[in-house]
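Okay, work07.txt is below, compact mmCIF, C-alpha atoms and all ligand atoms:
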```txt
# COMPACT_ATOMS: atom_id res chain seq x y z
CA MET T 1 70.65 83.98 112.17
CA ASP T 2 67.68 85.95 110.80
CA HIS T 3 68.08 88.73 108.27
CA GLU T 4 67.64 91.59 110.68
CA ALA T 5 70.27 90.28 113.07
CA ASP T 6 72.57 89.59 110.13
CA ALA T 7 72.42 93.24 109.13
CA TYR T 8 73.87 94.21 112.51
CA ARG T 9 76.62 91.62 112.80
CA THR T 10 79.39 92.94 114.98
CA ASP T 11 81.52 89.80 114.90
CA LEU T 12 82.94 90.76 111.50
CA MET T 13 86.72 90.63 111.40
CA THR T 14 87.76 94.06 110.18
CA ILE T 15 91.34 94.62 109.09
CA THR T 16 92.00 96.80 112.15
CA ARG T 17 90.70 94.13 114.49
CA PHE T 18 92.73 91.52 112.64
CA VAL T 19 95.98 93.49 112.94
CA LEU T 20 95.28 94.30 116.60
CA ASN T 21 94.80 90.57 117.25
CA GLU T 22 98.12 89.87 115.53
CA GLN T 23 99.76 92.63 117.56
CA SER T 24 98.56 91.10 120.84
CA LYS T 25 100.59 87.96 119.99
CA HIS T 26 103.73 90.11 120.20
CA PRO T 27 103.75 91.73 123.66
CA GLU T 28 106.90 93.73 122.79
CA SER T 29 104.94 95.47 120.00
CA ARG T 30 104.36 99.19 120.47
CA GLY T 31 101.46 99.37 118.03
CA ASP T 32 103.50 101.31 115.45
CA PHE T 33 102.78 98.82 112.70
CA THR T 34 99.04 98.92 113.39
CA ILE T 35 99.07 102.71 113.07
CA LEU T 36 101.13 102.57 109.87
CA LEU T 37 98.76 100.02 108.37
CA SER T 38 95.69 102.08 109.27
CA HIS T 39 97.20 104.96 107.26
CA ILE T 40 97.85 102.65 104.28
CA VAL T 41 94.26 101.41 104.52
CA LEU T 42 92.99 105.00 104.50
CA GLY T 43 95.09 105.71 101.39
CA CYS T 44 93.58 102.65 99.68
CA LYS T 45 90.03 103.78 100.50
CA PHE T 46 90.76 107.23 99.13
CA VAL T 47 92.27 105.91 95.88
CA CYS T 48 89.44 103.39 95.53
CA SER T 49 86.92 106.22 95.69
CA ALA T 50 88.92 108.28 93.15
CA VAL T 51 89.20 105.29 90.78
CA ASN T 52 85.44 104.68 91.02
CA LYS T 53 84.82 108.27 89.99
CA ALA T 54 87.44 108.26 87.21
CA GLY T 55 84.89 108.02 84.39
CA LEU T 56 82.69 110.73 85.90
CA ALA T 57 85.65 113.02 86.51
CA LYS T 58 85.89 113.41 82.75
CA LEU T 59 82.57 115.21 82.78
CA ILE T 60 84.20 118.09 84.62
CA GLY T 61 87.58 118.07 82.89
CA LEU T 62 90.13 115.66 81.51
CA ALA T 63 93.24 114.73 83.45
CA GLY T 64 95.85 117.41 82.83
CA GLU T 65 93.18 119.96 81.85
CA THR T 66 91.35 122.47 84.01
CA ASN T 67 87.87 121.78 85.33
CA VAL T 68 85.00 124.21 85.57
CA GLN T 69 86.25 125.53 88.90
CA GLY T 70 89.55 126.40 87.21
CA GLU T 71 91.37 123.64 89.12
CA GLU T 72 93.76 121.38 87.30
CA GLN T 73 92.62 117.74 87.14
CA LYS T 74 95.34 115.47 88.37
CA LYS T 75 96.11 112.21 86.65
CA LEU T 76 95.07 109.34 88.85
CA ASP T 77 98.58 108.00 89.27
CA VAL T 78 99.85 111.43 90.36
CA LEU T 79 96.89 111.85 92.71
CA SER T 80 97.37 108.36 94.17
CA ASN T 81 101.03 109.07 94.79
CA GLU T 82 100.19 112.26 96.68
CA VAL T 83 97.58 110.41 98.73
CA PHE T 84 99.98 107.69 99.82
CA VAL T 85 102.94 110.02 100.45
CA LYS T 86 100.75 112.19 102.71
CA ALA T 87 99.12 109.20 104.43
CA LEU T 88 102.49 107.57 105.11
CA ILE T 89 104.26 110.69 106.36
CA SER T 90 101.32 111.70 108.57
CA SER T 91 101.36 108.27 110.19
CA GLY T 92 104.55 109.39 111.96
CA ARG T 93 105.81 105.82 111.56
CA THR T 94 107.95 106.06 108.41
CA SER T 95 111.49 107.25 107.70
CA ILE T 96 111.98 106.57 103.99
CA LEU T 97 109.47 106.25 101.17
CA VAL T 98 110.17 104.92 97.69
CA SER T 99 107.43 105.41 95.12
CA GLU T 100 107.29 104.45 91.46
CA GLU T 101 106.20 108.02 90.76
CA ASP T 102 109.14 109.74 92.45
CA GLU T 103 112.61 109.61 90.97
CA GLU T 104 114.30 109.99 94.36
CA ALA T 105 113.50 108.36 97.69
CA THR T 106 111.73 110.64 100.17
CA ILE T 107 113.51 110.99 103.49
CA VAL T 108 110.90 111.93 106.07
CA ASP T 109 111.50 115.03 108.17
CA LYS T 110 113.07 114.24 111.56
CA SER T 111 110.02 115.52 113.45
CA MET T 112 107.76 112.92 111.76
CA ARG T 113 110.05 109.88 111.59
CA GLY T 114 109.22 106.34 112.62
CA ARG T 115 110.54 102.80 112.46
CA TYR T 116 109.45 101.78 108.97
CA CYS T 117 110.35 102.29 105.29
CA VAL T 118 107.62 101.82 102.72
CA VAL T 119 108.17 101.05 99.03
CA PHE T 120 105.10 101.34 96.83
CA ASP T 121 103.56 101.55 93.40
CA PRO T 122 100.65 103.93 94.07
CA LEU T 123 98.72 102.93 90.97
CA ASP T 124 99.75 99.81 89.14
CA GLY T 125 98.36 99.05 85.70
CA SER T 126 97.58 102.71 85.10
CA SER T 127 97.41 102.25 81.33
CA ASN T 128 94.16 100.36 82.03
CA ILE T 129 92.38 103.19 83.85
CA ASP T 130 90.43 104.54 80.92
CA CYS T 131 88.80 101.22 80.03
CA GLY T 132 87.73 100.35 83.58
CA VAL T 133 90.00 97.31 83.99
CA SER T 134 91.16 96.41 87.52
CA ILE T 135 94.18 98.34 88.76
CA GLY T 136 95.81 98.49 92.18
CA THR T 137 98.33 99.72 94.72
CA ILE T 138 101.31 97.55 95.74
CA PHE T 139 103.36 98.08 98.92
CA GLY T 140 106.22 96.54 100.85
CA ILE T 141 107.42 97.46 104.33
CA TYR T 142 110.91 97.27 105.84
CA ALA T 143 111.72 97.97 109.49
CA ILE T 144 114.70 100.14 110.38
CA LYS T 145 116.76 100.05 113.52
CA ASP T 146 115.99 102.60 116.23
CA ASP T 147 118.24 105.67 116.52
CA HIS T 148 119.41 105.24 112.99
CA GLU T 149 119.79 108.02 110.45
CA PRO T 150 117.71 106.77 107.51
CA GLY T 151 119.45 106.28 104.18
CA LEU T 152 119.13 104.34 100.93
CA ASP T 153 120.72 101.27 102.54
CA ASP T 154 117.48 100.85 104.49
CA VAL T 155 115.55 100.13 101.32
CA LEU T 156 118.24 98.58 99.11
CA GLN T 157 117.74 95.30 100.93
CA PRO T 158 116.68 91.86 99.71
CA GLY T 159 112.93 91.32 99.63
CA LYS T 160 113.22 88.54 102.22
CA ASN T 161 113.94 91.26 104.80
CA MET T 162 110.51 92.85 104.35
CA VAL T 163 108.30 92.64 107.42
CA ALA T 164 105.07 92.96 105.46
CA ALA T 165 103.75 93.33 101.93
CA GLY T 166 100.41 93.68 100.24
CA TYR T 167 98.31 95.09 97.48
CA CYS T 168 94.90 96.63 97.10
CA MET T 169 92.98 95.88 93.93
CA TYR T 170 90.43 98.37 92.66
CA GLY T 171 88.18 96.08 90.67
CA SER T 172 84.60 94.84 90.75
CA SER T 173 85.21 95.02 94.49
CA CYS T 174 88.04 96.65 96.41
CA THR T 175 90.24 93.89 97.83
CA LEU T 176 93.25 94.27 100.10
CA VAL T 177 95.63 91.32 100.37
CA LEU T 178 98.17 91.44 103.17
CA SER T 179 100.97 89.38 104.66
CA THR T 180 102.89 90.24 107.80
CA GLY T 181 105.03 87.15 107.35
CA GLU T 182 102.54 84.72 108.88
CA GLY T 183 100.46 83.69 105.88
CA VAL T 184 98.30 85.73 103.55
CA ASN T 185 94.85 87.17 104.23
CA GLY T 186 92.42 89.00 101.95
CA PHE T 187 89.95 91.72 103.00
CA THR T 188 87.12 93.18 100.94
CA LEU T 189 85.91 96.74 101.39
CA ASP T 190 82.28 96.85 102.49
CA PRO T 191 81.27 100.24 101.04
CA SER T 192 78.28 100.54 103.38
CA LEU T 193 80.52 100.19 106.45
CA GLY T 194 83.64 101.76 104.95
CA GLU T 195 85.59 98.84 106.47
CA PHE T 196 87.78 96.12 105.00
CA ILE T 197 86.33 92.78 106.16
CA LEU T 198 88.28 89.51 106.26
CA THR T 199 86.82 87.54 103.33
CA HIS T 200 89.79 85.38 102.25
CA PRO T 201 91.46 83.99 105.39
CA ASN T 202 94.75 82.14 105.07
CA ILE T 203 95.07 82.15 101.27
CA LYS T 204 97.02 79.19 99.87
CA ILE T 205 97.87 79.01 96.19
CA PRO T 206 97.11 75.64 94.51
CA LYS T 207 100.29 73.57 94.12
CA ARG T 208 99.80 73.49 90.35
CA GLY T 209 97.51 75.59 88.18
CA LYS T 210 95.90 75.53 84.77
CA ILE T 211 96.62 79.12 83.68
CA TYR T 212 99.68 80.92 82.32
CA SER T 213 99.79 84.69 82.14
CA VAL T 214 102.26 86.60 79.96
CA ASN T 215 102.40 89.31 77.29
CA GLU T 216 102.92 86.99 74.31
CA GLY T 217 103.37 89.99 72.01
CA ASN T 218 106.98 90.02 73.22
CA ALA T 219 107.58 86.38 72.19
CA LYS T 220 109.92 87.12 69.27
CA ASN T 221 112.47 88.54 71.71
CA TRP T 222 112.23 85.86 74.43
CA ASP T 223 115.15 83.63 75.42
CA GLY T 224 115.17 79.83 75.00
CA PRO T 225 113.80 78.75 78.41
CA THR T 226 110.87 81.19 78.38
CA SER T 227 109.99 80.24 74.77
CA LYS T 228 110.20 76.52 75.62
CA TYR T 229 108.08 76.99 78.74
CA VAL T 230 105.26 78.81 76.95
CA GLU T 231 105.38 76.25 74.12
CA LYS T 232 104.91 73.51 76.74
CA CYS T 233 101.96 75.36 78.24
CA LYS T 234 100.27 75.26 74.84
CA TYR T 235 101.50 71.88 73.56
CA PRO T 236 102.25 69.75 76.65
CA THR T 237 104.25 66.61 75.91
CA ASP T 238 103.51 64.81 79.20
CA GLY T 239 99.87 63.95 78.50
CA SER T 240 98.50 66.86 80.56
CA SER T 241 95.97 69.33 79.14
CA PRO T 242 97.15 72.62 77.64
CA LYS T 243 97.01 75.58 80.03
CA SER T 244 94.64 78.51 79.45
CA LEU T 245 96.09 81.95 78.74
CA ARG T 246 94.84 84.91 80.76
CA TYR T 247 96.57 88.29 80.62
CA ILE T 248 95.02 91.49 81.93
CA GLY T 249 98.13 93.68 81.77
CA SER T 250 97.69 94.92 85.36
CA MET T 251 100.15 93.11 87.61
CA VAL T 252 97.86 93.38 90.63
CA ALA T 253 94.96 91.76 88.79
CA ASP T 254 97.09 89.10 87.10
CA VAL T 255 98.82 88.20 90.37
CA HIS T 256 95.53 88.22 92.32
CA ARG T 257 94.00 85.71 89.93
CA THR T 258 97.19 83.61 90.07
CA LEU T 259 97.11 83.61 93.88
CA LEU T 260 93.48 82.48 94.04
CA TYR T 261 93.30 80.06 91.07
CA GLY T 262 96.93 78.95 90.74
CA GLY T 263 99.14 78.92 87.66
CA ILE T 264 102.01 81.15 86.67
CA PHE T 265 102.54 84.84 85.87
CA LEU T 266 105.65 85.75 83.94
CA TYR T 267 107.26 88.97 82.84
CA PRO T 268 110.57 87.69 81.50
CA GLY T 269 113.62 89.57 80.33
CA ASP T 270 114.06 89.60 76.57
CA LYS T 271 116.50 90.76 73.88
CA LYS T 272 115.11 94.30 74.00
CA SER T 273 114.78 94.54 77.80
CA PRO T 274 117.11 92.00 79.47
CA ASN T 275 115.74 92.91 82.92
CA GLY T 276 112.10 92.77 81.89
CA LYS T 277 109.75 95.56 82.87
CA LEU T 278 108.70 95.13 86.47
CA ARG T 279 110.42 96.98 89.30
CA VAL T 280 112.24 95.06 91.98
CA LEU T 281 111.39 97.09 95.09
CA TYR T 282 107.68 97.79 94.69
CA GLU T 283 106.43 95.19 92.20
CA VAL T 284 108.65 92.10 92.26
CA PHE T 285 109.41 91.99 96.02
CA PRO T 286 105.92 92.54 97.51
CA MET T 287 104.29 90.10 95.10
CA SER T 288 107.04 87.51 95.63
CA PHE T 289 106.69 87.88 99.42
CA LEU T 290 102.94 87.24 99.19
CA MET T 291 103.41 84.33 96.79
CA GLU T 292 105.90 82.56 99.08
CA GLN T 293 103.70 83.21 102.11
CA ALA T 294 100.83 81.54 100.22
CA GLY T 295 102.95 78.45 99.45
CA GLY T 296 104.04 79.42 95.93
CA GLN T 297 107.40 80.51 94.54
CA SER T 298 108.97 83.42 92.72
CA PHE T 299 112.07 83.17 90.52
CA THR T 300 114.03 85.72 88.47
CA GLY T 301 115.48 83.34 85.89
CA THR T 302 118.67 83.00 87.94
CA GLN T 303 117.63 83.01 91.62
CA ARG T 304 114.86 83.23 94.22
CA SER T 305 113.36 86.69 93.69
CA LEU T 306 113.42 87.60 97.40
CA ASP T 307 117.22 87.02 97.53
CA LEU T 308 117.91 89.79 95.01
CA VAL T 309 119.80 92.76 96.43
CA PRO T 310 118.76 95.88 94.49
CA LYS T 311 121.47 98.44 93.71
CA SER T 312 119.11 101.26 92.83
CA ILE T 313 115.55 102.07 93.85
CA HIS T 314 113.91 101.75 90.42
CA GLU T 315 115.82 98.63 89.29
CA ARG T 316 113.91 96.05 87.21
CA SER T 317 114.03 92.27 87.16
CA PRO T 318 112.49 89.42 85.18
CA ILE T 319 109.90 87.56 87.27
CA PHE T 320 108.22 84.15 87.14
CA LEU T 321 105.83 83.60 90.04
CA GLY T 322 102.92 81.41 91.01
CA SER T 323 102.10 77.81 91.92
CA TYR T 324 105.02 75.90 93.40
CA ASP T 325 105.12 73.15 90.77
CA ASP T 326 104.64 75.48 87.80
CA VAL T 327 107.58 77.63 88.93
CA GLU T 328 109.65 74.42 89.44
CA ASP T 329 109.14 73.68 85.73
CA ILE T 330 110.51 77.00 84.56
CA LYS T 331 113.40 76.76 87.04
CA ALA T 332 114.32 73.39 85.53
CA LEU T 333 114.37 74.87 82.01
CA TYR T 334 116.68 77.71 83.09
CA ALA T 335 118.92 75.25 84.96
CA ALA T 336 119.14 73.00 81.87
CA ALA T 337 120.01 76.01 79.67
CA GLU T 338 122.97 76.83 81.90
CA LYS T 339 124.60 73.40 81.43
O1 LIG T 401 101.88 96.13 78.82
P1 LIG T 401 102.85 95.11 79.26
O2 LIG T 401 104.22 95.30 78.66
O3 LIG T 401 102.37 93.71 79.11
O4 LIG T 401 103.11 95.38 80.83
C1 LIG T 401 102.14 95.13 81.79
C2 LIG T 401 102.71 95.38 83.14
O5 LIG T 401 103.02 96.75 83.25
C3 LIG T 401 102.44 97.30 84.40
O6 LIG T 401 101.27 97.98 84.03
C4 LIG T 401 103.41 98.29 85.00
O7 LIG T 401 102.94 98.98 86.09
P2 LIG T 401 102.57 100.58 86.09
O8 LIG T 401 101.24 100.77 85.45
O9 LIG T 401 102.57 100.85 87.56
O10 LIG T 401 103.69 101.28 85.37
C5 LIG T 401 102.06 96.10 85.27
O11 LIG T 401 100.94 96.35 86.06
C6 LIG T 401 101.77 95.03 84.25
O12 LIG T 401 102.02 93.73 84.73
MG MG T 402 103.29 99.00 88.35
MG MG T 403 102.32 102.58 88.75
```

Write out the structure in this file as structure tokens.
Ligand SMILES: O=P(O)(O)OC[C@H]1O[C@](O)(COP(=O)(O)O)[C@@H](O)[C@@H]1O
Ligand SMILES: [Mg+2]
Ligand SMILES: [Mg+2]
Amino acid sequence: MDHEADAYRTDLMTITRFVLNEQSKHPESRGDFTILLSHIVLGCKFVCSAVNKAGLAKLIGLAGETNVQGEEQKKLDVLSNEVFVKALISSGRTSILVSEEDEEATIVDKSMRGRYCVVFDPLDGSSNIDCGVSIGTIFGIYAIKDDHEPGLDDVLQPGKNMVAAGYCMYGSSCTLVLSTGEGVNGFTLDPSLGEFILTHPNIKIPKRGKIYSVNEGNAKNWDGPTSKYVEKCKYPTDGSSPKSLRYIGSMVADVHRTLLYGGIFLYPGDKKSPNGKLRVLYEVFPMSFLMEQAGGQSFTGTQRSLDLVPKSIHERSPIFLGSYDDVEDIKALYAAAEK
């Protein structure tokens, strides 16, 4: 194909086309999910544009201060939350929303209700915003039964009941990774088209990886199995090479690298925080769902992460996720510690 023709390619698989194709495999589908997803995609594009302008925004006023027009500058995580709440409600396809930024779940007004509940972290890794490191949005979707008054029970469900999960990473490019329970696919935003294009079809995580990813500054408070595991990453006793350490401190970016290159990401519980830091509903579950769909595993230190049944919407859990064989190793250490 010559250059000119290449510039006008219309056979590109956009995310909308991709989801419509998936929808056509399910004749009973009413298209609600496709509409919901198109609203999530719009939210991601909006936040991506705001993140790209974050440095410039300081020229007209710092977050929390007033700009030259006398308007208050919103912090990016507050702004992102508003964007997603509005996008999700206006889709007319949601009944309950749970956001990291809102203490209570939002029950959608009767007139706008639909068949889905969305749990989300509107801006993950927000402490990294000011230094330009990759950050992201994480989301998980549950379906609710028709003619059902929505309540917390609809979202306090094990992660294995999710019908879809994904994240969008605002990095050197804007990448949306999605699973509807039939594998994992990655889409990159083409800024000139304003469309997410399928660039990473059918992502499979390598069975074993060469990288471990953890905040080692917490090591003095770790339990035995986590300490032993990290020690083995650095000083393997089976003749294998030591693993490399990579830790960005943005879950989306650390998990994205783990998904593509393999290895393990861990945020364990420790003496100070027995349940770790990451939130079950909108961090642990969506990422665990994607990891399993890509052939990897996710473990809490006691069980498969997706089997957890959360009791409250902002509950936390330790998490160990990544390549199948690497997670097997940490599972074996926890099993041995129980004996
Ligand atoms: O700084 P720490 O303790 O290593 O924690 C890093 C983790 O905290 C988070 O930033 C928490 O997410 P939020 O920014 O959404 O609160 C994760 O993205 C990341 O994995
Ligand atoms: Mg987060
Ligand atoms: Mg957040």

Ligand LIG 401 (chain T): which residues are within 7 Å, counting only C-alpha atoms and all ligand atoms, as a PyMOL selection string?
-> chain T and resi 121+123-127+215+249-252+277-278

Residues near T:Pro310, cut-off 8 Å, all atoms listed in the file, skip fewer than 5 positions along chain, as number ranges by chain = T: 156-158, 280-281, 315

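Around T:Thr94, within 10 Å and counting only C-alpha atoms, the residues found are Asp32, Phe33, Leu36, Leu88, Ile89, Ser90, Ile107, Val108, Asp109, Met112, Arg113, Gly114, Arg115, Tyr116, Cys117, Val118, Ile141, Tyr142, Ala143, Ile144 and Pro150 of chain T, once anything fewer than 4 positions away on its own chain is removed.
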
Please indicate the distance in Å from atom CA of T:Ser244 to atom CA of T:Leu306, rounded to one decimal place.
-> 27.5 Å

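Nearest to T:Gly263 of all the residues T:Asn202, T:Ser213, T:Gln293, T:Ser49 is T:Ser213, based on all atoms listed in the file.
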
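Separating atom CA of T:Leu20 from atom CA of T:Ser134 is a distance of 29.4 Å.
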
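Shortest separation to ligand MG 403 (chain T) among T:Glu216, T:Asp223, T:Asp238, T:Glu283 occurs at residue T:Glu283, atoms counted being all atoms listed in the file.
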
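Candidate residues T:Pro201, T:Cys233, T:Tyr282, T:Ala50 were compared for distance to ligand MG 403 (chain T), and the nearest is T:Tyr282, using only C-alpha atoms and all ligand atoms.
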
Please provide the set of residues having any atom within 12 Å of T:Ser227, restricted to all atoms listed in the file, with same-chain residues fewer than 4 positions apart removed, written as a PyMOL selection string.
-> chain T and resi 214+216+218-223+231-235+266+268-270+330+333-334+337

Interatomic distance (Å, one decimal) between atom CA of T:Gly186 and atom CA of T:His200 = 4.5 Å

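Comparing T:Leu308, T:Ala165, T:Val327, T:Val284 by their smallest distance to ligand MG 402 (chain T), the closest is T:Val284 (using only C-alpha atoms and all ligand atoms).
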
Please return, as a short mmCIF file (atom, residue, chain, number, x, y, z; two decimals) with C-alpha atoms, in the frame of the given file, all polymer residues that have at least one atom within 6 Å of the point (102.7, 73.5, 85.9); use all atoms listed in the file and the file's own coordinate frame.
```
data_model
loop_
_atom_site.label_atom_id
_atom_site.label_comp_id
_atom_site.auth_asym_id
_atom_site.auth_seq_id
_atom_site.Cartn_x
_atom_site.Cartn_y
_atom_site.Cartn_z
CA ARG T 208 99.80 73.49 90.35
CA ASP T 325 105.12 73.15 90.77
CA ASP T 326 104.64 75.48 87.80
#
```
